[in-house]
Amino acid sequence: MAAWARWCLRHRLVVLLLWVGALFGTAVASGVVGSAYSNVFSFPGTESSRAMERMEKAFPQRAGDTDSVVWEVAGQSKSVKDPAVRERMSAALADIAKLPEVGAVVSPYEPEGARQISRDGRIAYAEVTFTKQAPELRKENIRKVVDRAEEARTDGLRVELGGQAIEQTQEPPAGLSEAVGIVAAAVVLFLAFGSLFAMLLPLLNAVFAVGTGLTALILLSHVVDLPDVAPLMGSLIGLGVGIDYALFIVTRHRKGLRAGLEPGESTARALDTSGRAVLFAGGTVCVALLAMFSLGLDFLNGVAIAATLTTLLSVLAAVTLLPAMFGFLGHRVLSRKERRALAEEGPRDGEKPGGRAVRWASYVERHPKALAAAAIAVMAVLALPTLSLRLGTNDQGNQPESQTTRKAYDLLAEGFGPGFNGPLLMVADVSGGAGEQRALDRLVREVGDTEGVVRAVRLPAGPETAEHTAVVQVVPATSPQSEETDRLIDKLRDETVPAAERGTALEVDIGGATAIQKDFASVIGERLPPFIALIVGLGALLLLVAFRSVVVPLTAAVMNLIAAAASFGVLVAVFQWGWGMDLLGLGKEGPIISFLPVIMLPLLFGLSMDYQVFLVSRMHEEWVHTKDNARAVRAGLADTSRVINCAALIMICVFFSFILSGDRGGVMAGLGLGGSVALDAFILRMVLVPALMHLIGRANWWLPRAIDKRLPHLAVDPPDRPYPGVSPEPAEGERELVGDR
């Protein structure tokens, strides 16, 4: 790593130009070709996937996104069929049909849309089909549709709009959450370093890495299937690790400069110590993220690719761009006060003893039992709601009540039933002839009479498929997210449909968006335990090799599981139980998005591994020198607590900023990850881990000889060589509390 750092330092202009070229080159190319994100929910073998395949043949997919314009008349004696209302809405719909990128409009005043008026005649809706899918539409064209529909509003006529395309007009400006996260991180960095240039370096690292990663994802979306949530997750993860990894290297470089090293030598040492730890930590995060491929779900594969790409670029920028920038800045990485002290007082290694970190480390040593018990109690209370965890999907019914999409959702539920927003589709193969047709007719009547079903109606099929495929729309009495709807699907699949198929050649599969999401959540739930075992096992194995201890990796694995349980407990309490939803302006409560655990867990375990490495590597270094466990734990906690807390605080700021993203999945991920980092760093790493290590004693570093002989030797973060002019063995507590692990 030292030789690599010197090369980047000597060729700093080349390195900088390469990064600038990569960022702007991918940005220009992505602007030319545009994005091609696609939400591919493919789980072969599930009933909803079979229904989807048949459905595509019976009803060839329309070219674009289908949204809705919903209106309601005020007063019980009024009707949407009143001449004045009909004339006003027909004119609005006719104008909307002529707008750019609008392909077709189906009005309830036409024979084709006769079912689009509620029974009481007070609510109606029109289907607006665009020429492209929602992500491909120009926002100004969608805005024109919204504006024209809203012009039809009067005192007695309420008009709202719903759908994926309409939802895009309500999103905050792109990049808002990222900008807020960067500004918050800048404040933390400036307080930590007291230097403008030192503050800017981690931010520059994150901007280049994440910017290049996001524009590269746009290009990559034309080659592989990437969901539209992939850029959000990639930027969320990339910003956090990009700033944190740069923080560790900048901190070690500043230490070398204060110790009297020339910028070149200090850069080489920073890369040879903290740079190694960053490579190990980044590799661990990538391994955990790529473990998502073991789930065999295309949707999550795309998220794994996005998150891994931004993480890799963050590591690459940290070990190439940062050394180059160190060469440009020289001693200006230090503040003016630090440069003046270096010139007047000479080199020094560390800060004055007796700081808060040293006092806290001593306090943990004196009261390990009480602190461990308190930490476990706090984490256990936070983890309790996890027992009620329910995976599912979120839709526009979970949005804030002020948004037009939420209002349209509520109007449709009021006029046509809660289940109207997520109807089930029974797709039947009736190619056997009249017998199957009669069996299907009986099934439709039975389903219509089933408790929990509002209506079941057979839809007209395309002429090329009408002879062998039939589609039945089933509207549940409950909402798509309701547990009653889940039980209805199970009943239809396990009892009603098999009874109708018995003795005939009829084949029926139940699909639709609600059934797809249910199957997706079921698949995730089934595959989650082995997935967790895989990433926890891989992390423990890496720690076993790094620290040559049995207890350290086992402790880390348990800590990871505790942190995960507590963070999901917080998510359940907020999003599923609704605690604080109104305060945060997050809309209505609902299940936890089914793919969120699979995205959060690898990153959570990866970040936990980072903090464990930074903490325990310093302890291990002291243990190797002194064979005194109490001293090792005390020195490790004192010397690393500030850098871990600073890194965690930056992560929390970045993750919490995604509450402003406007995307419910992003809000959940941001709150969950920010909360988990806070719990992991401030409670587990600063309290529970050192307290347990004091209680366990020398057994922390035990490893059977048979295993020791077979394990490879891995230097994650080798100790520094003595600095010139500085005592090679500073007294405990006098080491710099930032960066000397």
# chains A, B, ... in the order shown; residues from 1 in each chain; ligands from 1
$ select_by_dssp --residues "stretch 218-266 of chain A" --states "alpha helix (DSSP H)" --output "PyMOL selection string"
chain A and resi 218-220+230-258+263-266
$ residues_around --residues "A:Leu440" --least-positions-apart "3" --cutoff "9 Å" --atoms "only C-alpha atoms" --output "VMD selection string"
chain A and resid 428 430 435 to 437 443 to 445 470 500 to 501 506 508
$ write_last_selection --atoms "all heavy atoms" --output "short mmCIF file (atom, residue, chain, number, x, y, z; two decimals), in the first residue's frame"
data_model
loop_
_atom_site.label_atom_id
_atom_site.label_comp_id
_atom_site.auth_asym_id
_atom_site.auth_seq_id
_atom_site.Cartn_x
_atom_site.Cartn_y
_atom_site.Cartn_z
N ALA A 428 -57.00 -18.43 -15.78
CA ALA A 428 -57.36 -19.84 -15.97
C ALA A 428 -57.04 -20.32 -17.38
O ALA A 428 -57.21 -19.59 -18.36
CB ALA A 428 -58.85 -20.04 -15.69
N VAL A 430 -58.44 -22.63 -20.00
CA VAL A 430 -59.70 -23.32 -20.32
C VAL A 430 -59.65 -23.91 -21.73
O VAL A 430 -60.68 -24.02 -22.41
CB VAL A 430 -60.89 -22.33 -20.20
CG1 VAL A 430 -61.13 -21.95 -18.75
CG2 VAL A 430 -60.65 -21.07 -21.04
N GLY A 435 -66.40 -27.97 -20.95
CA GLY A 435 -66.41 -28.46 -19.57
C GLY A 435 -65.62 -27.54 -18.65
O GLY A 435 -66.05 -27.23 -17.53
N GLU A 436 -64.46 -27.09 -19.11
CA GLU A 436 -63.64 -26.19 -18.31
C GLU A 436 -64.30 -24.81 -18.19
O GLU A 436 -64.21 -24.16 -17.16
CB GLU A 436 -62.24 -26.05 -18.93
CG GLU A 436 -61.30 -27.21 -18.63
CD GLU A 436 -61.81 -28.51 -19.24
OE1 GLU A 436 -62.28 -28.49 -20.40
OE2 GLU A 436 -61.78 -29.56 -18.55
N GLN A 437 -64.98 -24.39 -19.27
CA GLN A 437 -65.68 -23.11 -19.22
C GLN A 437 -66.77 -23.14 -18.15
O GLN A 437 -66.94 -22.19 -17.38
CB GLN A 437 -66.29 -22.79 -20.59
CG GLN A 437 -65.27 -22.55 -21.71
CD GLN A 437 -64.61 -21.20 -21.63
OE1 GLN A 437 -64.91 -20.40 -20.75
NE2 GLN A 437 -63.68 -20.94 -22.55
N LEU A 443 -66.80 -21.63 -10.53
CA LEU A 443 -65.77 -21.09 -9.64
C LEU A 443 -65.98 -19.59 -9.42
O LEU A 443 -65.85 -19.09 -8.29
CB LEU A 443 -64.38 -21.34 -10.22
CG LEU A 443 -63.19 -20.72 -9.46
CD1 LEU A 443 -63.12 -21.27 -8.05
CD2 LEU A 443 -61.88 -20.97 -10.21
N VAL A 444 -66.31 -18.86 -10.49
CA VAL A 444 -66.54 -17.42 -10.37
C VAL A 444 -67.68 -17.16 -9.40
O VAL A 444 -67.60 -16.25 -8.54
CB VAL A 444 -66.83 -16.80 -11.75
CG1 VAL A 444 -67.25 -15.33 -11.60
CG2 VAL A 444 -65.60 -16.90 -12.65
N ARG A 445 -68.77 -17.94 -9.49
CA ARG A 445 -69.90 -17.74 -8.58
C ARG A 445 -69.50 -18.06 -7.14
O ARG A 445 -69.87 -17.35 -6.20
CB ARG A 445 -71.08 -18.62 -9.02
CG ARG A 445 -71.73 -18.17 -10.33
CD ARG A 445 -73.07 -18.88 -10.54
NE ARG A 445 -72.89 -20.32 -10.71
CZ ARG A 445 -72.69 -20.93 -11.88
NH1 ARG A 445 -72.64 -20.20 -12.99
NH2 ARG A 445 -72.56 -22.24 -11.95
N ALA A 470 -58.72 -17.42 -19.69
CA ALA A 470 -59.75 -16.56 -19.11
C ALA A 470 -59.17 -15.87 -17.88
O ALA A 470 -58.36 -16.44 -17.15
CB ALA A 470 -60.98 -17.37 -18.73
N ALA A 500 -62.59 -26.56 -7.28
CA ALA A 500 -63.15 -26.34 -8.61
C ALA A 500 -62.37 -27.10 -9.68
O ALA A 500 -62.94 -27.53 -10.69
CB ALA A 500 -63.17 -24.85 -8.92
N GLU A 501 -61.06 -27.26 -9.48
CA GLU A 501 -60.22 -27.94 -10.48
C GLU A 501 -60.40 -29.46 -10.43
O GLU A 501 -60.13 -30.14 -11.43
CB GLU A 501 -58.75 -27.59 -10.24
CG GLU A 501 -58.39 -26.15 -10.54
CD GLU A 501 -56.95 -25.85 -10.19
OE1 GLU A 501 -56.39 -26.55 -9.30
OE2 GLU A 501 -56.37 -24.91 -10.77
N LEU A 506 -59.30 -27.99 -15.76
CA LEU A 506 -59.18 -26.56 -15.47
C LEU A 506 -57.93 -26.30 -14.63
O LEU A 506 -57.66 -27.00 -13.65
CB LEU A 506 -60.42 -26.08 -14.71
CG LEU A 506 -60.47 -24.59 -14.34
CD1 LEU A 506 -60.60 -23.74 -15.59
CD2 LEU A 506 -61.65 -24.33 -13.39
N VAL A 508 -56.05 -23.01 -12.72
CA VAL A 508 -56.24 -21.62 -12.31
C VAL A 508 -55.08 -21.21 -11.41
O VAL A 508 -54.74 -21.91 -10.45
CB VAL A 508 -57.57 -21.42 -11.57
CG1 VAL A 508 -57.74 -19.96 -11.15
CG2 VAL A 508 -58.74 -21.86 -12.44
#
$ closest_residue --among "A:Pro602, A:Pro44, A:Pro476, A:Gly422" --to "A:Ile535" --atoms "only C-alpha atoms"
A:Pro602
$ residues_around --residues "stretch 589-594 of chain A" --least-positions-apart "6" --cutoff "8 Å" --atoms "only C-alpha atoms" --output "MDAnalysis selection string"
chainID A and resid 389:394 398 481 520:521 524 571:572 574:578 581 665
$ closest_residue --among "A:Met233, A:Asp147, A:Leu334, A:Thr66" --to "A:Met199" --atoms "only C-alpha atoms"
A:Leu334
$ residues_around --residues "A:Thr320" --least-positions-apart "2" --cutoff "9 Å" --atoms "only C-alpha atoms" --output "list in words"
Trp4, Ala5, Cys8, Leu9, Arg12, Val15, Leu16, Val315, Leu316, Ala317, Ala318, Leu322, Pro323, Ala324 and Met325 of chain A
$ closest_residue --among "A:Val33, A:Ala691, A:Ala22, A:Leu488" --to "A:Ala372" --atoms "only C-alpha atoms"
A:Ala691
$ residues_around --residues "A:Met609" --least-positions-apart "4" --cutoff "8 Å" --atoms "only C-alpha atoms" --output "list in words"
Ala281, Thr284, Gly539, Ala556, Phe605 and Val613 of chain A
$ residues_around --residues "A:Leu528" --least-positions-apart "6" --cutoff "12 Å" --atoms "only C-alpha atoms" --output "PyMOL selection string"
chain A and resi 291-292+294-296+391+520-522+534-535+594-602
$ closest_residue --among "A:Leu673, A:Met693, A:Ala515, A:Val229" --to "A:Ala632" --atoms "only C-alpha atoms"
A:Met693
